[in-house]
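Asks: To start, I am sharing the structure in question, which I have written as structure tokens.
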Amino acid sequence: MTSEPKVEFLDDTLFADVAQKARMAPRLRMNYNFHRTTDEVVNRLLNVMNRGSYLPVHRHLSPDRCESSVVVRGRVGLTIYDDAGCVVERRVVGPDCGCYGFDIEAGVWHGLVVLEDDTVLFEVKQGPYAPITPDNLAAWTPAADDKQAVEAFIKELEQSFEQK
């Protein structure tokens, strides 16, 4: 038995609801999935994030794991790295920034820093959902449970975008 087709709107009401949950979440971010299950071939979601949310530098080695994001509200700093951990590209992304989103192919090291509270990204990724494995986490990115190193890493990233 299949479910009835549904239509959802990306509007202020939805953004406010998810933003409220993101502010209360331990990781300061919250996903809102449009796909019904994580096993779907394409995963579509909102990712609502606040300053201080930690997104470690990572990649997706599987050749079918590219990702596309459009920043609908707020701003993020996107950093692209080479395999040695050197910065290749750094961009501020948001609806008022002249750069509105990004498409990252599989295998590219990348990281985000949230530059404005209640930032909303619309993301599209290949499914099914697969958690990031240790070989897809950059060696130079702090472990999520090392709070002091994470805070320093986020501060350094924020400062790198202030200078741009």
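Quick note on naming: the chains in the structure tokens go A, B, ... in the order shown, residues restart at 1 in each chain, and ligands are numbered from 1 in order of appearance.
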Hey, could you make a per-residue contact list for range 89-116 of chain A against range 24-41 of chain A with 12 Å as the cut-off, showing the nearest pair of atoms and its distance in Å to one decimal, counting only C-alpha atoms, sorted by chain and number, as a tab-separated table?
Replies:
residue	atom	partner	partner_atom	distance
A:Val113	CA	A:Arg29	CA	12.0
A:Val114	CA	A:Arg29	CA	10.0
A:Glu116	CA	A:Leu28	CA	12.0
Asks: Output all heavy atoms for every residue in the selection just made, as a PDB file, in the first residue's frame.
Replies:
ATOM      1  N   VAL A 113      30.757  26.394   8.540  1.00  0.00           N
ATOM      2  CA  VAL A 113      30.607  27.082   9.816  1.00  0.00           C
ATOM      3  C   VAL A 113      29.380  27.974   9.678  1.00  0.00           C
ATOM      4  O   VAL A 113      29.187  28.635   8.648  1.00  0.00           O
ATOM      5  CB  VAL A 113      31.874  27.880  10.205  1.00  0.00           C
ATOM      6  CG1 VAL A 113      32.164  29.009   9.228  1.00  0.00           C
ATOM      7  CG2 VAL A 113      31.758  28.413  11.627  1.00  0.00           C
ATOM      8  N   VAL A 114      28.533  27.951  10.678  1.00  0.00           N
ATOM      9  CA  VAL A 114      27.303  28.742  10.660  1.00  0.00           C
ATOM     10  C   VAL A 114      27.652  30.158  11.085  1.00  0.00           C
ATOM     11  O   VAL A 114      28.226  30.372  12.155  1.00  0.00           O
ATOM     12  CB  VAL A 114      26.238  28.127  11.591  1.00  0.00           C
ATOM     13  CG1 VAL A 114      24.962  28.940  11.556  1.00  0.00           C
ATOM     14  CG2 VAL A 114      25.965  26.675  11.213  1.00  0.00           C
ATOM     15  N   GLU A 116      25.259  32.759  11.026  1.00  0.00           N
ATOM     16  CA  GLU A 116      24.060  33.479  11.471  1.00  0.00           C
ATOM     17  C   GLU A 116      23.071  32.466  12.044  1.00  0.00           C
ATOM     18  O   GLU A 116      22.846  31.407  11.437  1.00  0.00           O
ATOM     19  CB  GLU A 116      23.443  34.195  10.264  1.00  0.00           C
ATOM     20  CG  GLU A 116      22.362  35.168  10.572  1.00  0.00           C
ATOM     21  CD  GLU A 116      21.927  35.914   9.319  1.00  0.00           C
ATOM     22  OE1 GLU A 116      22.802  36.469   8.628  1.00  0.00           O
ATOM     23  OE2 GLU A 116      20.717  35.911   9.042  1.00  0.00           O
TER      24      GLU A 116
END
Asks: Per DSSP on the backbone, filter range 17-107 of chain A down to the residues in helix (DSSP H, G or I) and report them as an MDAnalysis selection string.
Replies: chainID A and resid 17:24
Asks: Once you have the residues from the selection above, write them out as a PDB file, in the first residue's frame, restricted to all heavy atoms.
Replies:
ATOM      1  N   ASP A  17       9.224  26.727  12.953  1.00  0.00           N
ATOM      2  CA  ASP A  17       9.038  25.510  13.740  1.00  0.00           C
ATOM      3  C   ASP A  17      10.348  24.735  13.866  1.00  0.00           C
ATOM      4  O   ASP A  17      10.748  24.324  14.963  1.00  0.00           O
ATOM      5  CB  ASP A  17       7.956  24.641  13.102  1.00  0.00           C
ATOM      6  CG  ASP A  17       7.715  23.354  13.870  1.00  0.00           C
ATOM      7  OD1 ASP A  17       7.489  23.417  15.101  1.00  0.00           O
ATOM      8  OD2 ASP A  17       7.755  22.273  13.239  1.00  0.00           O
ATOM      9  N   VAL A  18      11.038  24.550  12.760  1.00  0.00           N
ATOM     10  CA  VAL A  18      12.289  23.786  12.787  1.00  0.00           C
ATOM     11  C   VAL A  18      13.382  24.592  13.503  1.00  0.00           C
ATOM     12  O   VAL A  18      14.192  24.025  14.249  1.00  0.00           O
ATOM     13  CB  VAL A  18      12.726  23.365  11.371  1.00  0.00           C
ATOM     14  CG1 VAL A  18      14.003  22.531  11.420  1.00  0.00           C
ATOM     15  CG2 VAL A  18      11.613  22.575  10.673  1.00  0.00           C
ATOM     16  N   ALA A  19      13.398  25.919  13.326  1.00  0.00           N
ATOM     17  CA  ALA A  19      14.397  26.764  13.994  1.00  0.00           C
ATOM     18  C   ALA A  19      14.241  26.687  15.512  1.00  0.00           C
ATOM     19  O   ALA A  19      15.240  26.624  16.241  1.00  0.00           O
ATOM     20  CB  ALA A  19      14.278  28.205  13.516  1.00  0.00           C
ATOM     21  N   GLN A  20      13.012  26.662  15.987  1.00  0.00           N
ATOM     22  CA  GLN A  20      12.781  26.548  17.432  1.00  0.00           C
ATOM     23  C   GLN A  20      13.358  25.230  17.957  1.00  0.00           C
ATOM     24  O   GLN A  20      14.015  25.198  18.994  1.00  0.00           O
ATOM     25  CB  GLN A  20      11.286  26.637  17.736  1.00  0.00           C
ATOM     26  CG  GLN A  20      10.969  26.513  19.214  1.00  0.00           C
ATOM     27  CD  GLN A  20       9.480  26.586  19.490  1.00  0.00           C
ATOM     28  OE1 GLN A  20       8.649  26.595  18.591  1.00  0.00           O
ATOM     29  NE2 GLN A  20       9.141  26.630  20.765  1.00  0.00           N
ATOM     30  N   LYS A  21      13.153  24.145  17.226  1.00  0.00           N
ATOM     31  CA  LYS A  21      13.689  22.848  17.628  1.00  0.00           C
ATOM     32  C   LYS A  21      15.224  22.851  17.552  1.00  0.00           C
ATOM     33  O   LYS A  21      15.890  22.263  18.406  1.00  0.00           O
ATOM     34  CB  LYS A  21      13.114  21.745  16.743  1.00  0.00           C
ATOM     35  CG  LYS A  21      11.623  21.533  16.981  1.00  0.00           C
ATOM     36  CD  LYS A  21      11.034  20.552  16.000  1.00  0.00           C
ATOM     37  CE  LYS A  21       9.529  20.444  16.242  1.00  0.00           C
ATOM     38  NZ  LYS A  21       8.850  19.743  15.164  1.00  0.00           N
ATOM     39  N   ALA A  22      15.775  23.514  16.549  1.00  0.00           N
ATOM     40  CA  ALA A  22      17.235  23.571  16.393  1.00  0.00           C
ATOM     41  C   ALA A  22      17.878  24.317  17.563  1.00  0.00           C
ATOM     42  O   ALA A  22      18.930  23.916  18.056  1.00  0.00           O
ATOM     43  CB  ALA A  22      17.600  24.243  15.071  1.00  0.00           C
ATOM     44  N   ARG A  23      17.245  25.397  18.019  1.00  0.00           N
ATOM     45  CA  ARG A  23      17.790  26.176  19.137  1.00  0.00           C
ATOM     46  C   ARG A  23      17.850  25.348  20.413  1.00  0.00           C
ATOM     47  O   ARG A  23      18.704  25.568  21.261  1.00  0.00           O
ATOM     48  CB  ARG A  23      16.956  27.428  19.373  1.00  0.00           C
ATOM     49  CG  ARG A  23      17.266  28.527  18.389  1.00  0.00           C
ATOM     50  CD  ARG A  23      16.484  29.794  18.706  1.00  0.00           C
ATOM     51  NE  ARG A  23      15.801  30.206  17.488  1.00  0.00           N
ATOM     52  CZ  ARG A  23      14.503  30.224  17.309  1.00  0.00           C
ATOM     53  NH1 ARG A  23      13.686  29.908  18.288  1.00  0.00           N
ATOM     54  NH2 ARG A  23      14.001  30.594  16.151  1.00  0.00           N
ATOM     55  N   MET A  24      16.939  24.399  20.565  1.00  0.00           N
ATOM     56  CA  MET A  24      16.858  23.566  21.769  1.00  0.00           C
ATOM     57  C   MET A  24      17.697  22.292  21.661  1.00  0.00           C
ATOM     58  O   MET A  24      17.936  21.633  22.662  1.00  0.00           O
ATOM     59  CB  MET A  24      15.395  23.183  22.032  1.00  0.00           C
ATOM     60  CG  MET A  24      14.446  24.358  22.137  1.00  0.00           C
ATOM     61  SD  MET A  24      14.862  25.475  23.475  1.00  0.00           S
ATOM     62  CE  MET A  24      14.336  24.519  24.864  1.00  0.00           C
TER      63      MET A  24
END
Asks: Counting only C-alpha atoms, figure out which residue out of A:Val72, A:Leu157, A:Leu10, A:Leu121 gets nearest to Pro95 in chain A.
Replies: A:Val72
Asks: For Gly74 in chain A, find every residue with an atom within 12 Å (counting only C-alpha atoms), except residues of its own chain fewer than 2 positions away, and show them as a ChimeraX atom specification.
Replies: /A:15,19,47-51,70-72,76-77,92-97,100-101,113-122
Asks: Hey, what does DSSP flag as strand (DSSP E) within chain A? Can you give it to me as a PyMOL selection string?
Replies: chain A and resi 29-33+42-49+55-58+67-73+76-81+87-93+101-104+109-114+119-126
Asks: For those residues, write C-alpha atoms to a file as a PDB file, in the first residue's frame.
Replies:
ATOM      1  CA  ARG A  29      20.762  22.153  14.491  1.00  0.00           C
ATOM      2  CA  MET A  30      17.792  20.142  13.301  1.00  0.00           C
ATOM      3  CA  ASN A  31      16.882  18.377  10.080  1.00  0.00           C
ATOM      4  CA  TYR A  32      13.404  18.330   8.611  1.00  0.00           C
ATOM      5  CA  ASN A  33      13.082  15.521   6.084  1.00  0.00           C
ATOM      6  CA  VAL A  42      16.987  10.835  -3.113  1.00  0.00           C
ATOM      7  CA  ASN A  43      17.000  12.439   0.335  1.00  0.00           C
ATOM      8  CA  ARG A  44      15.581  15.990   0.502  1.00  0.00           C
ATOM      9  CA  LEU A  45      15.715  17.979   3.700  1.00  0.00           C
ATOM     10  CA  LEU A  46      15.979  21.264   5.491  1.00  0.00           C
ATOM     11  CA  ASN A  47      18.977  21.655   7.768  1.00  0.00           C
ATOM     12  CA  VAL A  48      18.368  24.503  10.228  1.00  0.00           C
ATOM     13  CA  MET A  49      21.497  25.511  12.132  1.00  0.00           C
ATOM     14  CA  LEU A  55      30.018  20.382  11.354  1.00  0.00           C
ATOM     15  CA  PRO A  56      33.326  18.501  11.074  1.00  0.00           C
ATOM     16  CA  VAL A  57      35.325  18.568   7.877  1.00  0.00           C
ATOM     17  CA  HIS A  58      34.318  15.513   5.882  1.00  0.00           C
ATOM     18  CA  GLU A  67      25.402  16.727  -2.287  1.00  0.00           C
ATOM     19  CA  SER A  68      23.707  19.978  -3.243  1.00  0.00           C
ATOM     20  CA  SER A  69      22.616  22.746  -0.873  1.00  0.00           C
ATOM     21  CA  VAL A  70      20.889  26.090  -1.250  1.00  0.00           C
ATOM     22  CA  VAL A  71      20.997  28.523   1.666  1.00  0.00           C
ATOM     23  CA  VAL A  72      17.447  29.821   1.920  1.00  0.00           C
ATOM     24  CA  ARG A  73      17.941  31.988   5.009  1.00  0.00           C
ATOM     25  CA  VAL A  76      27.262  29.818   6.245  1.00  0.00           C
ATOM     26  CA  GLY A  77      30.954  29.760   5.508  1.00  0.00           C
ATOM     27  CA  LEU A  78      31.933  26.893   3.204  1.00  0.00           C
ATOM     28  CA  THR A  79      35.547  25.774   3.117  1.00  0.00           C
ATOM     29  CA  ILE A  80      36.941  23.308   0.576  1.00  0.00           C
ATOM     30  CA  TYR A  81      40.201  21.516   1.419  1.00  0.00           C
ATOM     31  CA  VAL A  87      42.281  25.462   2.068  1.00  0.00           C
ATOM     32  CA  VAL A  88      41.460  25.407  -1.643  1.00  0.00           C
ATOM     33  CA  GLU A  89      38.353  27.626  -1.613  1.00  0.00           C
ATOM     34  CA  ARG A  90      36.421  29.594   0.963  1.00  0.00           C
ATOM     35  CA  ARG A  91      33.025  31.221   0.313  1.00  0.00           C
ATOM     36  CA  VAL A  92      30.297  32.911   2.308  1.00  0.00           C
ATOM     37  CA  VAL A  93      26.997  31.458   1.126  1.00  0.00           C
ATOM     38  CA  GLY A 101      24.412  27.413  -2.606  1.00  0.00           C
ATOM     39  CA  PHE A 102      26.868  24.749  -3.608  1.00  0.00           C
ATOM     40  CA  ASP A 103      27.134  21.365  -5.262  1.00  0.00           C
ATOM     41  CA  ILE A 104      29.932  19.146  -3.981  1.00  0.00           C
ATOM     42  CA  TRP A 109      36.798  17.546   1.660  1.00  0.00           C
ATOM     43  CA  HIS A 110      34.434  20.255   2.901  1.00  0.00           C
ATOM     44  CA  GLY A 111      33.228  21.907   6.053  1.00  0.00           C
ATOM     45  CA  LEU A 112      30.680  24.501   7.095  1.00  0.00           C
ATOM     46  CA  VAL A 113      30.607  27.082   9.816  1.00  0.00           C
ATOM     47  CA  VAL A 114      27.303  28.742  10.660  1.00  0.00           C
ATOM     48  CA  THR A 119      20.278  29.555   9.014  1.00  0.00           C
ATOM     49  CA  VAL A 120      18.213  27.313   6.728  1.00  0.00           C
ATOM     50  CA  LEU A 121      19.705  25.060   4.048  1.00  0.00           C
ATOM     51  CA  PHE A 122      17.704  23.002   1.585  1.00  0.00           C
ATOM     52  CA  GLU A 123      19.772  19.909   0.853  1.00  0.00           C
ATOM     53  CA  VAL A 124      19.530  17.150  -1.720  1.00  0.00           C
ATOM     54  CA  LYS A 125      21.643  14.015  -1.373  1.00  0.00           C
ATOM     55  CA  GLN A 126      21.624  10.544  -2.816  1.00  0.00           C
TER      56      GLN A 126
END
Asks: My list of candidates is A:Asp64, A:Asp145, A:Asp82, A:Glu162. Which is closest to Tyr129 in chain A when distances are computed with only C-alpha atoms?
Replies: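 Selected residue with least distance to Tyr129 in chain A: A:Asp64.
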Asks: Would you compute the distance between CA of Cys86 in chain A and CA of Gly107 in chain A? Give it in Å to one decimal.
Replies: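 Here the two named atoms are 15.1 Å from each other.
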Asks: Fewer than 5 positions away in the same chain doesn't count, so skip those; otherwise give me all residues within 8 Å of range 149-154 of chain A, counting only C-alpha atoms, as a PDB file with N, CA, C and O atoms, in the first residue's frame.
Replies:
ATOM      1  N   GLY A  52      27.720  28.072  16.451  1.00  0.00           N
ATOM      2  CA  GLY A  52      28.234  27.158  17.452  1.00  0.00           C
ATOM      3  C   GLY A  52      27.968  25.699  17.124  1.00  0.00           C
ATOM      4  O   GLY A  52      28.512  24.811  17.769  1.00  0.00           O
ATOM      5  N   TYR A  54      28.562  22.374  15.387  1.00  0.00           N
ATOM      6  CA  TYR A  54      29.805  21.824  14.853  1.00  0.00           C
ATOM      7  C   TYR A  54      29.525  20.882  13.699  1.00  0.00           C
ATOM      8  O   TYR A  54      28.815  19.890  13.840  1.00  0.00           O
ATOM      9  N   VAL A 113      30.757  26.394   8.540  1.00  0.00           N
ATOM     10  CA  VAL A 113      30.607  27.082   9.816  1.00  0.00           C
ATOM     11  C   VAL A 113      29.380  27.974   9.678  1.00  0.00           C
ATOM     12  O   VAL A 113      29.187  28.635   8.648  1.00  0.00           O
ATOM     13  N   THR A 141      40.309  17.664  11.749  1.00  0.00           N
ATOM     14  CA  THR A 141      39.093  18.198  12.348  1.00  0.00           C
ATOM     15  C   THR A 141      38.947  17.612  13.759  1.00  0.00           C
ATOM     16  O   THR A 141      39.198  16.426  13.959  1.00  0.00           O
ATOM     17  N   PRO A 142      38.596  18.431  14.749  1.00  0.00           N
ATOM     18  CA  PRO A 142      38.513  17.906  16.123  1.00  0.00           C
ATOM     19  C   PRO A 142      37.394  16.887  16.298  1.00  0.00           C
ATOM     20  O   PRO A 142      36.368  16.941  15.604  1.00  0.00           O
ATOM     21  N   ALA A 143      37.586  15.996  17.234  1.00  0.00           N
ATOM     22  CA  ALA A 143      36.531  15.043  17.600  1.00  0.00           C
ATOM     23  C   ALA A 143      35.377  15.819  18.231  1.00  0.00           C
ATOM     24  O   ALA A 143      35.592  16.771  18.988  1.00  0.00           O
ATOM     25  N   ALA A 144      34.166  15.419  17.932  1.00  0.00           N
ATOM     26  CA  ALA A 144      32.981  16.134  18.412  1.00  0.00           C
ATOM     27  C   ALA A 144      32.909  16.206  19.931  1.00  0.00           C
ATOM     28  O   ALA A 144      32.362  17.163  20.473  1.00  0.00           O
TER      29      ALA A 144
END
Asks: Measuring atom to atom with only C-alpha atoms, identify which of A:Asp146, A:Arg59, A:Glu8, A:Ala16 is nearest to Ile132 in chain A.
Replies: A:Arg59
Asks: Take CA of Ser62 in chain A and CA of Phe161 in chain A and report the distance between them in Å, one decimal.
Replies: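 About the pair CA of Ser62 in chain A and CA of Phe161 in chain A: they are 29.7 Å apart.
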Asks: Could you check the closest approach to Leu137 in chain A for each of A:Val108, A:Glu4, A:Phe9, A:Leu14 and tell me which residue wins, using only C-alpha atoms?
Replies: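 Smallest distance to Leu137 in chain A is found for A:Val108.
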